[in-house]
file data.cif (mmCIF, C-alpha atoms)
data_entry
#
loop_
_atom_site.group_PDB
_atom_site.id
_atom_site.type_symbol
_atom_site.label_atom_id
_atom_site.label_comp_id
_atom_site.auth_asym_id
_atom_site.auth_seq_id
_atom_site.Cartn_x
_atom_site.Cartn_y
_atom_site.Cartn_z
ATOM 1 C CA ASN W 1 8.266 3.334 2.508
ATOM 2 C CA ASP W 2 7.432 7.043 2.655
ATOM 3 C CA ALA W 3 4.876 8.526 0.274
ATOM 4 C CA LEU W 4 6.328 11.132 -2.081
ATOM 5 C CA ASP W 5 4.625 11.948 -5.382
ATOM 6 C CA GLY W 6 6.580 10.486 -8.301
ATOM 7 C CA PHE W 7 9.070 8.613 -6.130
ATOM 8 C CA TRP W 8 9.516 5.512 -4.079
ATOM 9 C CA SER W 9 11.439 6.613 -0.985
ATOM 10 C CA GLU W 10 13.186 4.825 1.862
ATOM 11 C CA THR W 11 14.806 6.285 4.961
ATOM 12 C CA ILE W 12 18.567 5.729 5.001
ATOM 13 C CA GLU W 13 19.212 7.434 8.307
ATOM 14 C CA GLY W 14 16.682 8.541 10.901
ATOM 15 C CA GLU W 15 16.569 11.912 12.599
ATOM 16 C CA LYS W 16 19.980 13.030 13.820
ATOM 17 C CA ARG W 17 20.558 16.148 15.942
ATOM 18 C CA TYR W 18 23.837 18.000 16.433
ATOM 19 C CA GLU W 19 25.294 21.497 16.696
ATOM 20 C CA ARG W 20 27.343 23.347 14.110
ATOM 21 C CA VAL W 21 29.229 26.635 14.360
ATOM 22 C CA LEU W 22 29.223 28.983 11.372
ATOM 23 C CA GLY W 23 31.244 32.134 11.942
ATOM 24 C CA ALA W 24 30.317 33.495 15.343
ATOM 25 C CA ASP W 25 26.946 31.729 15.447
ATOM 26 C CA ARG W 26 26.076 28.304 16.821
ATOM 27 C CA TYR W 27 23.273 26.393 15.100
ATOM 28 C CA SER W 28 21.224 23.361 16.160
ATOM 29 C CA VAL W 29 20.966 20.963 13.203
ATOM 30 C CA THR W 30 18.355 18.261 12.576
ATOM 31 C CA GLN W 31 19.238 15.931 9.689
ATOM 32 C CA MET W 32 17.412 13.068 7.967
ATOM 33 C CA ARG W 33 18.599 11.158 4.896
ATOM 34 C CA LYS W 34 16.381 9.381 2.361
ATOM 35 C CA ALA W 35 16.867 7.461 -0.886
ATOM 36 C CA LEU W 36 14.558 8.308 -3.788
ATOM 37 C CA TRP W 37 13.705 6.108 -6.776
ATOM 38 C CA PRO W 38 11.548 7.707 -9.496
ATOM 39 C CA ILE W 39 8.527 5.683 -10.610
ATOM 40 C CA ARG W 40 7.801 7.692 -13.761
ATOM 41 C CA SER W 41 9.809 9.535 -16.384
ATOM 42 C CA GLY W 42 9.824 13.263 -17.137
ATOM 43 C CA GLU W 43 10.502 16.254 -14.912
ATOM 44 C CA ILE W 44 9.623 15.664 -11.257
ATOM 45 C CA GLU W 45 9.785 18.468 -8.730
ATOM 46 C CA LEU W 46 10.740 17.699 -5.164
ATOM 47 C CA PRO W 47 8.358 19.640 -2.907
ATOM 48 C CA ALA W 48 9.813 22.308 -0.644
ATOM 49 C CA ARG W 49 10.132 21.389 3.007
ATOM 50 C CA LYS W 50 8.925 23.786 5.707
ATOM 51 C CA LEU W 51 10.286 24.010 9.225
ATOM 52 C CA SER W 52 8.848 25.921 12.170
ATOM 53 C CA ALA W 53 11.038 26.256 15.259
ATOM 54 C CA GLN W 54 11.412 28.219 18.466
ATOM 55 C CA VAL W 55 14.763 29.997 18.747
ATOM 56 C CA PRO W 56 16.238 32.176 21.506
ATOM 57 C CA ASP W 57 15.375 35.859 21.043
ATOM 58 C CA ASN W 58 18.612 37.704 21.692
ATOM 59 C CA ARG W 59 17.245 41.012 20.537
ATOM 60 C CA ARG W 60 17.438 43.609 23.322
ATOM 61 C CA GLN W 61 14.675 46.054 24.130
ATOM 62 C CA GLY W 62 15.347 49.689 23.333
ATOM 63 C CA ALA W 63 17.656 51.459 25.766
ATOM 64 C CA SER W 64 16.186 53.953 28.275
ATOM 65 C CA PRO W 65 16.790 57.607 27.393
ATOM 66 C CA PHE W 66 17.909 58.008 31.010
ATOM 67 C CA GLY W 67 20.610 55.350 30.749
ATOM 68 C CA PHE W 68 20.206 52.546 33.256
ATOM 69 C CA ASP W 69 16.605 51.313 33.504
ATOM 70 C CA PRO W 70 15.951 49.103 36.584
ATOM 71 C CA PHE W 71 12.603 48.021 35.121
ATOM 72 C CA ASN W 72 13.964 46.848 31.757
ATOM 73 C CA GLN W 73 12.670 43.271 31.069
ATOM 74 C CA ASP W 74 16.105 42.204 29.780
ATOM 75 C CA LEU W 75 17.551 42.863 33.223
ATOM 76 C CA PHE W 76 15.001 40.541 34.894
ATOM 77 C CA ASP W 77 15.500 37.848 32.239
ATOM 78 C CA ASP W 78 19.269 37.904 32.716
ATOM 79 C CA PHE W 79 18.991 37.867 36.521
ATOM 80 C CA PHE W 80 16.559 34.939 36.720
ATOM 81 C CA GLY W 81 18.096 32.986 33.828
ATOM 82 C CA ASN W 82 15.003 33.228 31.634
ATOM 83 C CA THR W 83 15.386 33.071 27.868
ATOM 84 C CA ARG W 84 12.803 34.579 25.624
ATOM 85 C CA VAL W 85 12.047 32.719 22.393
ATOM 86 C CA ARG W 86 10.482 33.593 19.081
ATOM 87 C CA VAL W 87 9.031 31.426 16.297
ATOM 88 C CA MET W 88 10.906 31.236 13.008
ATOM 89 C CA GLU W 89 9.908 29.502 9.779
ATOM 90 C CA ALA W 90 12.311 28.240 7.124
ATOM 91 C CA VAL W 91 11.482 26.945 3.639
ATOM 92 C CA SER W 92 13.829 24.808 1.528
ATOM 93 C CA ASN W 93 14.336 24.973 -2.217
ATOM 94 C CA SER W 94 12.373 22.641 -4.540
ATOM 95 C CA PRO W 95 14.777 21.063 -7.076
ATOM 96 C CA VAL W 96 13.519 19.526 -10.322
ATOM 97 C CA LEU W 97 14.873 16.138 -11.437
ATOM 98 C CA LYS W 98 14.837 14.993 -15.063
ATOM 99 C CA VAL W 99 14.073 11.253 -15.283
ATOM 100 C CA LYS W 100 14.776 9.438 -18.541
ATOM 101 C CA PRO W 101 12.403 6.664 -19.704
ATOM 102 C CA LEU W 102 13.631 3.100 -20.025
ATOM 103 C CA PRO W 103 13.804 1.445 -23.450
ATOM 104 C CA PRO W 104 11.334 -1.373 -24.199
ATOM 105 C CA ALA W 105 12.210 -4.656 -22.500
ATOM 106 C CA PRO W 106 13.056 -7.693 -24.671
ATOM 107 C CA ALA W 107 10.588 -10.528 -25.157
ATOM 108 C CA GLY W 108 10.491 -12.995 -22.262
ATOM 109 C CA PHE W 109 12.095 -10.563 -19.843
ATOM 110 C CA PRO W 110 11.752 -12.021 -16.292
ATOM 111 C CA ASP W 111 10.199 -9.175 -14.298
ATOM 112 C CA TRP W 112 9.681 -9.772 -10.576
ATOM 113 C CA ALA W 113 8.707 -6.183 -9.778
ATOM 114 C CA GLN W 114 5.394 -6.073 -11.694
ATOM 115 C CA GLY W 115 6.478 -3.424 -14.168
ATOM 116 C CA ASN W 116 8.746 -1.466 -11.792
ATOM 117 C CA ILE W 117 11.954 -2.528 -13.499
ATOM 118 C CA ILE W 118 14.939 -2.839 -11.162
ATOM 119 C CA VAL W 119 17.694 -0.442 -12.277
ATOM 120 C CA GLY W 120 21.178 -1.265 -10.999
ATOM 121 C CA GLU W 121 23.715 -4.076 -10.831
ATOM 122 C CA THR W 122 21.976 -7.191 -9.484
ATOM 123 C CA ALA W 123 22.961 -10.682 -8.328
ATOM 124 C CA ILE W 124 20.877 -13.626 -7.140
ATOM 125 C CA GLU W 125 22.037 -16.542 -4.955
ATOM 126 C CA LEU W 126 20.378 -19.830 -4.035
ATOM 127 C CA ASP W 127 21.209 -21.448 -0.691
ATOM 128 C CA ALA W 128 20.048 -25.074 -0.489
ATOM 129 C CA THR W 129 21.334 -28.616 -0.113
ATOM 130 C CA SER W 130 20.850 -31.479 -2.556
ATOM 131 C CA ASP W 131 20.211 -34.005 0.221
ATOM 132 C CA PRO W 132 17.321 -36.374 -0.556
ATOM 133 C CA ILE W 133 13.989 -36.145 1.250
ATOM 134 C CA LYS W 134 10.933 -38.425 1.419
ATOM 135 C CA THR W 135 7.449 -37.792 0.137
ATOM 136 C CA GLY W 136 5.525 -35.817 2.722
ATOM 137 C CA GLU W 137 8.724 -34.125 3.932
ATOM 138 C CA SER W 138 9.809 -30.570 3.123
ATOM 139 C CA LYS W 139 13.090 -28.917 2.159
ATOM 140 C CA THR W 140 13.806 -25.273 2.991
ATOM 141 C CA ILE W 141 15.706 -23.133 0.507
ATOM 142 C CA SER W 142 16.772 -19.469 0.627
ATOM 143 C CA LEU W 143 16.949 -17.158 -2.364
ATOM 144 C CA THR W 144 18.815 -13.868 -1.866
ATOM 145 C CA VAL W 145 18.702 -10.920 -4.282
ATOM 146 C CA ARG W 146 21.271 -8.119 -3.957
ATOM 147 C CA THR W 147 21.122 -4.966 -6.052
ATOM 148 C CA THR W 148 22.042 -1.299 -6.185
ATOM 149 C CA GLY W 149 18.475 -0.724 -7.378
ATOM 150 C CA ASN W 150 15.200 -0.598 -5.471
ATOM 151 C CA LEU W 151 13.850 -3.965 -4.292
ATOM 152 C CA SER W 152 10.799 -2.524 -2.524
ATOM 153 C CA PRO W 153 8.358 -3.486 -5.354
ATOM 154 C CA VAL W 154 9.544 -7.121 -5.271
ATOM 155 C CA LYS W 155 7.117 -8.741 -2.841
ATOM 156 C CA THR W 156 7.243 -12.390 -3.882
ATOM 157 C CA ILE W 157 8.832 -14.891 -6.265
ATOM 158 C CA PRO W 158 6.811 -15.460 -9.481
ATOM 159 C CA LEU W 159 5.977 -19.169 -9.553
ATOM 160 C CA GLU W 160 3.736 -21.630 -11.397
ATOM 161 C CA ARG W 161 1.814 -24.669 -10.148
ATOM 162 C CA SER W 162 3.190 -28.203 -10.005
ATOM 163 C CA ASP W 163 1.688 -31.567 -9.040
ATOM 164 C CA SER W 164 5.101 -32.842 -7.839
ATOM 165 C CA PHE W 165 5.417 -30.502 -4.875
ATOM 166 C CA ARG W 166 3.902 -27.562 -3.094
ATOM 167 C CA VAL W 167 5.620 -24.428 -1.841
ATOM 168 C CA TYR W 168 5.128 -22.391 1.309
ATOM 169 C CA GLU W 169 6.747 -18.934 1.095
ATOM 170 C CA GLU W 170 7.655 -16.935 4.191
ATOM 171 C CA ALA W 171 7.669 -13.138 4.358
ATOM 172 C CA PRO W 172 10.985 -11.921 2.896
ATOM 173 C CA ALA W 173 13.709 -10.332 5.055
ATOM 174 C CA SER W 174 15.106 -7.046 3.735
ATOM 175 C CA SER W 175 17.980 -4.675 4.442
ATOM 176 C CA LEU W 176 19.275 -1.396 2.999
ATOM 177 C CA VAL W 177 22.879 -0.347 3.658
ATOM 178 C CA GLU W 178 25.186 2.331 2.304
ATOM 179 C CA ARG W 179 28.665 1.384 1.094
ATOM 180 C CA ASN W 180 31.145 3.798 -0.452
ATOM 181 C CA GLY W 181 28.392 6.288 -1.213
ATOM 182 C CA GLU W 182 26.200 3.664 -2.915
ATOM 183 C CA LEU W 183 23.063 1.967 -1.592
ATOM 184 C CA LEU W 184 22.863 -1.829 -1.536
ATOM 185 C CA SER W 185 19.429 -3.451 -1.191
ATOM 186 C CA THR W 186 19.161 -7.091 -0.096
ATOM 187 C CA ARG W 187 16.027 -9.229 0.073
ATOM 188 C CA THR W 188 16.007 -12.903 1.133
ATOM 189 C CA PHE W 189 13.103 -15.242 0.357
ATOM 190 C CA ARG W 190 12.682 -18.505 2.274
ATOM 191 C CA LEU W 191 10.691 -21.314 0.656
ATOM 192 C CA SER W 192 9.602 -24.662 2.101
ATOM 193 C CA ILE W 193 9.199 -27.268 -0.658
ATOM 194 C CA LEU W 194 6.769 -30.043 0.267
ATOM 195 C CA ALA W 195 7.398 -33.185 -1.825
ATOM 196 C CA LEU W 196 4.247 -34.925 -3.090
ATOM 197 C CA LYS W 197 5.752 -37.535 -5.454
ATOM 198 C CA SER W 198 8.864 -39.662 -5.418
ATOM 199 C CA GLY W 199 11.533 -39.338 -8.094
ATOM 200 C CA LYS W 200 14.053 -36.720 -9.165
ATOM 201 C CA LEU W 201 13.012 -33.140 -8.463
ATOM 202 C CA ARG W 202 14.689 -30.386 -10.444
ATOM 203 C CA LEU W 203 14.385 -26.651 -9.882
ATOM 204 C CA PRO W 204 15.741 -24.693 -12.859
ATOM 205 C CA PRO W 205 17.745 -21.519 -12.171
ATOM 206 C CA PHE W 206 15.758 -18.601 -10.811
ATOM 207 C CA ARG W 207 16.053 -15.720 -13.326
ATOM 208 C CA PHE W 208 15.853 -12.081 -12.208
ATOM 209 C CA GLY W 209 15.703 -9.330 -14.840
ATOM 210 C CA TYR W 210 17.132 -5.839 -14.352
ATOM 211 C CA PHE W 211 18.362 -2.819 -16.302
ATOM 212 C CA ASP W 212 22.094 -2.029 -16.285
ATOM 213 C CA PRO W 213 22.391 1.807 -16.221
ATOM 214 C CA VAL W 214 26.120 1.709 -17.004
ATOM 215 C CA GLU W 215 25.865 -0.429 -20.153
ATOM 216 C CA LYS W 216 22.317 0.885 -20.822
ATOM 217 C CA THR W 217 20.953 -2.582 -21.515
ATOM 218 C CA TYR W 218 18.729 -5.249 -19.948
ATOM 219 C CA ARG W 219 20.381 -8.169 -18.193
ATOM 220 C CA VAL W 220 19.279 -11.304 -16.351
ATOM 221 C CA ALA W 221 20.827 -12.556 -13.101
ATOM 222 C CA GLU W 222 20.557 -16.326 -12.585
ATOM 223 C CA SER W 223 20.874 -18.579 -9.569
ATOM 224 C CA ALA W 224 22.275 -22.094 -9.648
ATOM 225 C CA PRO W 225 19.775 -24.912 -10.363
ATOM 226 C CA LEU W 226 18.739 -27.319 -7.627
ATOM 227 C CA ASN W 227 18.378 -31.099 -8.094
ATOM 228 C CA PHE W 228 17.556 -33.597 -5.379
ATOM 229 C CA GLU W 229 15.973 -37.026 -4.970
ATOM 230 C CA VAL W 230 12.548 -37.578 -3.416
ATOM 231 C CA LEU W 231 12.399 -41.073 -1.895
ATOM 232 C CA PRO W 232 9.201 -43.026 -1.310
ATOM 233 C CA SER W 233 7.877 -42.750 2.226
ATOM 234 C CA GLU W 234 6.824 -45.761 4.293
ATOM 235 C CA ASN W 235 3.337 -45.256 2.912
ATOM 236 C CA SER W 236 4.614 -44.971 -0.655
ATOM 237 C CA GLU W 237 1.543 -46.669 -2.060
ATOM 238 C CA LYS W 238 -0.454 -43.621 -0.967
ATOM 239 C CA ASP W 239 2.270 -41.133 -2.075
ATOM 240 C CA SER W 240 0.868 -37.689 -2.850
ATOM 241 C CA SER W 241 -2.733 -38.676 -2.035
ATOM 242 C CA SER W 242 -1.795 -39.605 1.548
ATOM 243 C CA SER W 243 -3.863 -37.817 4.155
ATOM 244 C CA SER W 244 -0.687 -37.351 6.192
ATOM 245 C CA VAL W 245 0.596 -34.853 3.614
ATOM 246 C CA ARG W 246 -0.160 -31.327 4.791
ATOM 247 C CA ARG W 247 -2.143 -29.440 2.148
ATOM 248 C CA LEU W 248 -1.416 -25.779 1.572
ATOM 249 C CA PRO W 249 -3.609 -23.093 -0.036
ATOM 250 C CA PRO W 250 -3.880 -23.450 -3.849
ATOM 251 C CA GLU W 251 -2.099 -20.173 -4.439
ATOM 252 C CA THR W 252 1.116 -21.618 -2.933
ATOM 253 C CA GLU W 253 1.309 -24.528 -5.373
ATOM 254 C CA LEU W 254 3.908 -22.805 -7.525
ATOM 255 C CA PHE W 255 7.116 -23.148 -9.531
ATOM 256 C CA PRO W 256 9.634 -20.633 -11.031
ATOM 257 C CA GLN W 257 8.377 -18.924 -14.160
ATOM 258 C CA PRO W 258 9.247 -15.569 -15.789
ATOM 259 C CA LEU W 259 6.497 -12.992 -16.216
ATOM 260 C CA MET W 260 5.739 -11.120 -19.463
ATOM 261 C CA ILE W 261 5.233 -7.385 -19.131
ATOM 262 C CA PRO W 262 3.390 -5.185 -21.666
ATOM 263 C CA ALA W 263 5.351 -1.983 -21.077
ATOM 264 C CA ILE W 264 8.050 -0.336 -19.005
ATOM 265 C CA ARG W 265 6.841 2.219 -16.509
ATOM 266 C CA SER W 266 9.908 4.294 -15.639
ATOM 267 C CA LEU W 267 13.537 4.445 -14.643
ATOM 268 C CA GLY W 268 14.070 3.400 -11.034
ATOM 269 C CA ARG W 269 17.634 4.394 -10.180
ATOM 270 C CA SER W 270 18.014 5.937 -6.758
ATOM 271 C CA ALA W 271 18.942 9.494 -5.881
ATOM 272 C CA GLY W 272 20.047 10.502 -2.387
ATOM 273 C CA ALA W 273 18.021 13.250 -0.754
ATOM 274 C CA PRO W 274 19.355 14.915 2.434
#
call {"tool": "encode", "arguments": {"input": "data.cif", "output": "structure tokens"}}
result
Amino acid sequence: NDALDGFWSETIEGEKRYERVLGADRYSVTQMRKALWPIRSGEIELPARKLSAQVPDNRRQGASPFGFDPFNQDLFDDFFGNTRVRVMEAVSNSPVLKVKPLPPAPAGFPDWAQGNIIVGETAIELDATSDPIKTGESKTISLTVRTTGNLSPVKTIPLERSDSFRVYEEAPASSLVERNGELLSTRTFRLSILALKSGKLRLPPFRFGYFDPVEKTYRVAESAPLNFEVLPSENSEKDSSSSSVRRLPPETELFPQPLMIPAIRSLGRSAGAP
């Protein structure tokens, strides 16, 4: 993420250099492309960008009043292949973007972005098997979120504690690609579920809230639920109190739960910035 006042920005394409001919002149071009998501409403001005560069100085010195001048510096430069340069500075324009505020979110809206509402079509997919496991064993599941909005504020899955299992969450894997002129953000969370008690274990659907800018309404994307059996281990009489069960930090003893948010901060739809 690149700091830019009023925006969350991500680089779409790194520095690219090429040449371009305009009229009779040849130009060296340096191009970078970024995606911008506003984090507040109102008018936000993009700051002007300044560039300082050395360019060939093709300006000739004044001609000698006597015609040919054997001591003219241009003659020595041409003969020895030297190119004089001069420093030029260029300043871009500074456009102003008008960002509309989001309407209030409905009660119970599942916000994973801590107030930075995701704006854009969103889908969520759970990848897991329903094969049984034993107490003291773990099952790994993957939860993938895909959206045309900005997933950068989504750092973790909001969960609540449970005495039936514990969860270890890995760092999410993220990608940002451009398709048909539209950005697609993907973030995959991997969770290891450590069973502490035997019986049926049910994970309700994961619910991800977002704002649909086309229909101008809030929506919730849901994953499929997950149900599987936890069988007693050989030391079933010890079950969850067994010392062989690996204990994880208290903050990882969690379970899916929507968060309540007091207010909406701003619209977060992206805008391309060359």
call {"tool": "closest_residue", "arguments": {"input": "data.cif", "among": "W:Asp127, W:Glu19, W:Glu222, W:Glu178", "to": "Leu191 of chain W", "atoms": "only C-alpha atoms"}}
result
W:Asp127
call {"tool": "axis_aligned_box", "arguments": {"input": "data.cif", "around": "segment 2-15 of chain W", "padding_each_side": "8 Å", "output": "JSON"}}
result
{"center_x": 11.9, "center_y": 8.4, "center_z": 2.1, "size_x": 30.6, "size_y": 23.1, "size_z": 36.9}
call {"tool": "closest_atom_pairs", "arguments": {"input": "data.cif", "of": "segment 85-158 of chain W", "to": "segment 45-49 of chain W", "cutoff": "9 Å", "atoms": "all atoms listed in the file", "output": "Markdown table"}}
result
| residue | atom | partner | partner_atom | distance |
| --- | --- | --- | --- | --- |
| W:Ala90 | CA | W:Arg49 | CA | 8.3 |
| W:Val91 | CA | W:Arg49 | CA | 5.8 |
| W:Ser92 | CA | W:Ala48 | CA | 5.2 |
| W:Asn93 | CA | W:Ala48 | CA | 5.5 |
| W:Ser94 | CA | W:Ala48 | CA | 4.7 |
| W:Pro95 | CA | W:Leu46 | CA | 5.6 |
| W:Val96 | CA | W:Glu45 | CA | 4.2 |
| W:Leu97 | CA | W:Glu45 | CA | 6.2 |
| W:Lys98 | CA | W:Glu45 | CA | 8.8 |
call {"tool": "closest_residue", "arguments": {"input": "data.cif", "among": "W:Ser52, W:Thr156, W:Trp37, W:Phe189", "to": "Ser9 of chain W", "atoms": "all atoms listed in the file"}}
result
W:Trp37
call {"tool": "resolve_selection", "arguments": {"input": "data.cif", "expression": "the PyMOL selection byres ((chain W and resi 42) around 8)", "output": "CSV table (one decimal) with C-alpha atoms, in the frame of the given file"}}
result
chain,number,residue,atom,x,y,z
W,40,ARG,CA,7.8,7.7,-13.8
W,41,SER,CA,9.8,9.5,-16.4
W,43,GLU,CA,10.5,16.3,-14.9
W,44,ILE,CA,9.6,15.7,-11.3
W,98,LYS,CA,14.8,15.0,-15.1
W,99,VAL,CA,14.1,11.3,-15.3
W,100,LYS,CA,14.8,9.4,-18.5
W,101,PRO,CA,12.4,6.7,-19.7
call {"tool": "atom_distance", "arguments": {"input": "data.cif", "atom1": "atom CA of Phe165 of chain W", "atom2": "atom CA of Lys197 of chain W"}}
result
7.1 Å
call {"tool": "closest_residue", "arguments": {"input": "data.cif", "among": "W:Gly14, W:Gly199, W:Pro110, W:Pro153", "to": "Ser233 of chain W", "atoms": "all atoms listed in the file"}}
result
W:Gly199
call {"tool": "resolve_selection", "arguments": {"input": "data.cif", "expression": "the PyMOL selection byres ((chain W and resi 131-146) around 8)", "output": "ChimeraX atom specification"}}
result
/W:122-130,147-148,184-198,228-233,236,239-240,244-246
call {"tool": "atom_distance", "arguments": {"input": "data.cif", "atom1": "atom CA of Gly209 of chain W", "atom2": "atom CA of Trp112 of chain W"}}
result
7.4 Å
call {"tool": "atom_distance", "arguments": {"input": "data.cif", "atom1": "atom CA of Phe211 of chain W", "atom2": "atom CA of Val119 of chain W"}}
result
4.7 Å
call {"tool": "closest_residue", "arguments": {"input": "data.cif", "among": "W:Ala35, W:Ala53, W:Ala221, W:Ile157", "to": "Glu170 of chain W", "atoms": "only C-alpha atoms"}}
result
W:Ile157
call {"tool": "resolve_selection", "arguments": {"input": "data.cif", "expression": "the PyMOL selection byres ((chain W and resi 152) around 9)", "output": "list of chain:residue names"}}
result
W:Asn1, W:Trp8, W:Glu10, W:Ala113, W:Asn150, W:Leu151, W:Pro153, W:Val154, W:Lys155, W:Ser174, W:Ser185, W:Arg187
call {"tool": "closest_residue", "arguments": {"input": "data.cif", "among": "W:Glu169, W:Glu121, W:Glu182, W:Asp163", "to": "Glu215 of chain W", "atoms": "all atoms listed in the file"}}
result
W:Glu121
call {"tool": "closest_residue", "arguments": {"input": "data.cif", "among": "W:Phe109, W:Asp5, W:Val167, W:Asn227", "to": "Arg207 of chain W", "atoms": "all atoms listed in the file"}}
result
W:Phe109
call {"tool": "decode", "arguments": {"input": "data.cif", "residues": "segment 180-238 of chain W", "atoms": "C-alpha atoms", "output": "PDB file, in the first residue's frame"}}
result
ATOM      1  CA  ASN W 180     -11.552  -6.066 -19.032  1.00  0.00           C
ATOM      2  CA  GLY W 181     -10.642  -2.712 -17.522  1.00  0.00           C
ATOM      3  CA  GLU W 182     -11.844  -3.716 -14.038  1.00  0.00           C
ATOM      4  CA  LEU W 183      -9.772  -4.637 -10.985  1.00  0.00           C
ATOM      5  CA  LEU W 184     -10.420  -7.931  -9.199  1.00  0.00           C
ATOM      6  CA  SER W 185      -9.094  -8.351  -5.649  1.00  0.00           C
ATOM      7  CA  THR W 186      -8.752 -11.843  -4.162  1.00  0.00           C
ATOM      8  CA  ARG W 187      -7.806 -12.756  -0.598  1.00  0.00           C
ATOM      9  CA  THR W 188      -7.601 -16.346   0.699  1.00  0.00           C
ATOM     10  CA  PHE W 189      -7.634 -17.185   4.415  1.00  0.00           C
ATOM     11  CA  ARG W 190      -6.418 -20.579   5.642  1.00  0.00           C
ATOM     12  CA  LEU W 191      -7.661 -21.840   9.009  1.00  0.00           C
ATOM     13  CA  SER W 192      -6.623 -24.927  10.979  1.00  0.00           C
ATOM     14  CA  ILE W 193      -9.472 -26.137  13.212  1.00  0.00           C
ATOM     15  CA  LEU W 194      -8.255 -28.101  16.232  1.00  0.00           C
ATOM     16  CA  ALA W 195     -11.022 -30.350  17.624  1.00  0.00           C
ATOM     17  CA  LEU W 196     -11.273 -30.412  21.430  1.00  0.00           C
ATOM     18  CA  LYS W 197     -14.518 -32.386  21.916  1.00  0.00           C
ATOM     19  CA  SER W 198     -16.145 -35.290  20.145  1.00  0.00           C
ATOM     20  CA  GLY W 199     -19.527 -34.957  18.459  1.00  0.00           C
ATOM     21  CA  LYS W 200     -20.941 -33.110  15.469  1.00  0.00           C
ATOM     22  CA  LEU W 201     -19.169 -29.862  14.631  1.00  0.00           C
ATOM     23  CA  ARG W 202     -21.040 -27.306  12.561  1.00  0.00           C
ATOM     24  CA  LEU W 203     -19.652 -24.114  11.062  1.00  0.00           C
ATOM     25  CA  PRO W 204     -22.453 -21.810   9.887  1.00  0.00           C
ATOM     26  CA  PRO W 205     -21.974 -19.911   6.611  1.00  0.00           C
ATOM     27  CA  PHE W 206     -19.376 -17.161   6.688  1.00  0.00           C
ATOM     28  CA  ARG W 207     -21.157 -13.857   5.899  1.00  0.00           C
ATOM     29  CA  PHE W 208     -19.331 -10.975   4.198  1.00  0.00           C
ATOM     30  CA  GLY W 209     -21.067  -7.599   3.880  1.00  0.00           C
ATOM     31  CA  TYR W 210     -20.477  -5.164   1.018  1.00  0.00           C
ATOM     32  CA  PHE W 211     -22.090  -2.238  -0.792  1.00  0.00           C
ATOM     33  CA  ASP W 212     -23.380  -2.771  -4.341  1.00  0.00           C
ATOM     34  CA  PRO W 213     -22.654   0.483  -6.260  1.00  0.00           C
ATOM     35  CA  VAL W 214     -24.841  -0.554  -9.204  1.00  0.00           C
ATOM     36  CA  GLU W 215     -28.003  -1.266  -7.190  1.00  0.00           C
ATOM     37  CA  LYS W 216     -26.938   1.283  -4.518  1.00  0.00           C
ATOM     38  CA  THR W 217     -27.733  -1.082  -1.666  1.00  0.00           C
ATOM     39  CA  TYR W 218     -26.000  -3.240   0.952  1.00  0.00           C
ATOM     40  CA  ARG W 219     -25.675  -6.954   0.297  1.00  0.00           C
ATOM     41  CA  VAL W 220     -24.232  -9.986   2.075  1.00  0.00           C
ATOM     42  CA  ALA W 221     -22.184 -12.715   0.377  1.00  0.00           C
ATOM     43  CA  GLU W 222     -22.387 -16.120   2.083  1.00  0.00           C
ATOM     44  CA  SER W 223     -20.270 -19.246   1.936  1.00  0.00           C
ATOM     45  CA  ALA W 224     -21.611 -22.769   2.263  1.00  0.00           C
ATOM     46  CA  PRO W 225     -21.846 -24.184   5.820  1.00  0.00           C
ATOM     47  CA  LEU W 226     -19.479 -26.905   6.980  1.00  0.00           C
ATOM     48  CA  ASN W 227     -20.530 -29.951   9.042  1.00  0.00           C
ATOM     49  CA  PHE W 228     -18.285 -32.815  10.064  1.00  0.00           C
ATOM     50  CA  GLU W 229     -17.999 -35.454  12.781  1.00  0.00           C
ATOM     51  CA  VAL W 230     -15.372 -35.353  15.527  1.00  0.00           C
ATOM     52  CA  LEU W 231     -14.666 -38.903  16.731  1.00  0.00           C
ATOM     53  CA  PRO W 232     -13.284 -39.776  20.154  1.00  0.00           C
ATOM     54  CA  SER W 233      -9.537 -40.317  20.187  1.00  0.00           C
ATOM     55  CA  GLU W 234      -7.887 -43.334  21.808  1.00  0.00           C
ATOM     56  CA  ASN W 235      -7.651 -41.271  24.972  1.00  0.00           C
ATOM     57  CA  SER W 236     -11.292 -40.210  24.746  1.00  0.00           C
ATOM     58  CA  GLU W 237     -11.692 -40.213  28.506  1.00  0.00           C
ATOM     59  CA  LYS W 238      -9.303 -37.255  28.608  1.00  0.00           C
TER      60      LYS W 238
END
